[in-house]
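K.L.:
Take this structure, written in structure tokens, and hold onto it; I'll ask about it next.
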Amino acid sequence: RIKSSGEPEPEELDGLYGDVQGGIAEFRDTLLELRAAVSSERPLNTVLREVVERFEKRSKIEVVLKLAEEGRRLPSPIENELLRITQEALTNIEKHADASRVHIRWSVADNIGVLLINDDGRGFDTSKGIRGNAYGLVGMGERAAAIGAHLEITSEPGHGTNIMVQTRLTSEKV
């Protein structure tokens, strides 16, 4: 609404200011997420803790995180792809799932890495396939394929979504 003097109403300015501040905060979070990376000094365990902490603070969704035994890990390039899959899953949960809790479990044993992400959100009908414009899900599939991992997404309306990524360390991946 505009005053008779041609100036916007104070409430409108407050709303616009809030929108701009929210956009700036979201942009900062995106930059932090893009900068998060696994390296020889920063294993997936460490980076996942940081990502989950920011996610919980931003989304107000509780995350139960169970991590691999200290020292058990896969090569950094593989762990980096698993990190990006996790970040995309969390983004999808925050935007679409209407979830209150997420469980993330990362384990490594006998050169096999398993990442499980489960939410208690609204779920979706997987029998309809993944839409071509569901870029997050498509991207997760591409990242899993890039490291030779098996990705399985199961969901049902009203019963949340489960994501499982399993990768086996072979001599080609080292």
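Following the order of the structure tokens, chains are lettered A, B, ..., residues in each are numbered from 1, and ligands are numbered from 1.
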Report as an MDAnalysis selection string: the residues of segment 13-174 of chain A with a DSSP assignment of strand (DSSP E), based on the backbone of this structure.

P.N.:
chainID A and resid 62:66 101:109 112:119 150:155 161:168

K.L.:
Any chance you can output those residues with C-alpha atoms as an mmCIF file, in the first residue's frame?

P.N.:
data_model
loop_
_atom_site.group_PDB
_atom_site.id
_atom_site.type_symbol
_atom_site.label_atom_id
_atom_site.label_comp_id
_atom_site.auth_asym_id
_atom_site.auth_seq_id
_atom_site.Cartn_x
_atom_site.Cartn_y
_atom_site.Cartn_z
ATOM 1 C CA GLU A 62 15.971 -32.204 14.878
ATOM 2 C CA VAL A 63 18.688 -34.473 13.478
ATOM 3 C CA VAL A 64 19.846 -37.692 15.121
ATOM 4 C CA LEU A 65 23.374 -38.248 13.785
ATOM 5 C CA LYS A 66 25.310 -41.516 14.124
ATOM 6 C CA ARG A 101 13.050 -35.290 12.724
ATOM 7 C CA VAL A 102 15.802 -36.690 10.519
ATOM 8 C CA HIS A 103 18.061 -39.664 11.228
ATOM 9 C CA ILE A 104 21.450 -39.788 9.507
ATOM 10 C CA ARG A 105 23.732 -42.780 9.881
ATOM 11 C CA TRP A 106 27.183 -43.014 8.279
ATOM 12 C CA SER A 107 29.165 -46.213 8.696
ATOM 13 C CA VAL A 108 32.295 -47.753 7.182
ATOM 14 C CA ALA A 109 33.237 -51.403 7.564
ATOM 15 C CA ILE A 112 31.991 -50.524 2.392
ATOM 16 C CA GLY A 113 30.459 -47.165 3.206
ATOM 17 C CA VAL A 114 26.754 -46.889 3.957
ATOM 18 C CA LEU A 115 24.903 -43.590 4.308
ATOM 19 C CA LEU A 116 21.302 -43.711 5.525
ATOM 20 C CA ILE A 117 19.057 -40.647 5.702
ATOM 21 C CA ASN A 118 15.493 -41.047 6.989
ATOM 22 C CA ASP A 119 12.913 -38.361 7.684
ATOM 23 C CA HIS A 150 24.171 -47.722 -5.224
ATOM 24 C CA LEU A 151 21.465 -45.151 -4.384
ATOM 25 C CA GLU A 152 18.037 -46.240 -3.235
ATOM 26 C CA ILE A 153 15.220 -43.815 -2.419
ATOM 27 C CA THR A 154 12.051 -45.179 -0.870
ATOM 28 C CA SER A 155 9.089 -43.129 0.219
ATOM 29 C CA THR A 161 11.460 -40.769 2.933
ATOM 30 C CA ASN A 162 14.455 -43.103 3.208
ATOM 31 C CA ILE A 163 17.676 -42.625 1.284
ATOM 32 C CA MET A 164 20.396 -45.267 1.233
ATOM 33 C CA VAL A 165 23.757 -44.865 -0.480
ATOM 34 C CA GLN A 166 26.161 -47.783 -0.447
ATOM 35 C CA THR A 167 29.629 -47.663 -1.923
ATOM 36 C CA ARG A 168 32.321 -50.316 -1.988
#

K.L.:
Pick from A:Glu56, A:Leu90, A:Leu44, A:Ile147: nearest to Glu69 of chain A, with only C-alpha atoms counted?

P.N.:
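Closest to Glu69 of chain A of all the choices is A:Leu44.
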
K.L.:
Please extract the residues of chain A with a backbone DSSP assignment of helix (DSSP H, G or I) and present them as a count of residues only.

P.N.:
82

K.L.:
Would you mind reading off the distance between atom CA of Thr91 of chain A and atom CA of Arg72 of chain A, one decimal, in Å?

P.N.:
26.6 Å

K.L.:
Using only C-alpha atoms for the distances, tell me which of A:Thr86, A:Asn111, A:Ser100, A:Thr170 is nearest to Leu137 of chain A.

P.N.:
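Among the listed residues, the smallest separation from Leu137 of chain A belongs to A:Thr86.
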
K.L.:
To one decimal place, how far is atom CA of Glu142 of chain A from atom CA of Pro157 of chain A in Å?

P.N.:
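Atom CA of Pro157 of chain A lies at a distance of 24.6 Å from atom CA of Glu142 of chain A.
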
K.L.:
Atom CA of Leu82 of chain A and atom CA of Thr126 of chain A, how far apart in Å?

P.N.:
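The value is 21.9 Å.
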
K.L.:
Here is a test: counting only C-alpha atoms, which residue of A:Val47, A:Ala149, A:Val138, A:Leu67 is nearest to Asn80 of chain A?

P.N.:
A:Val47
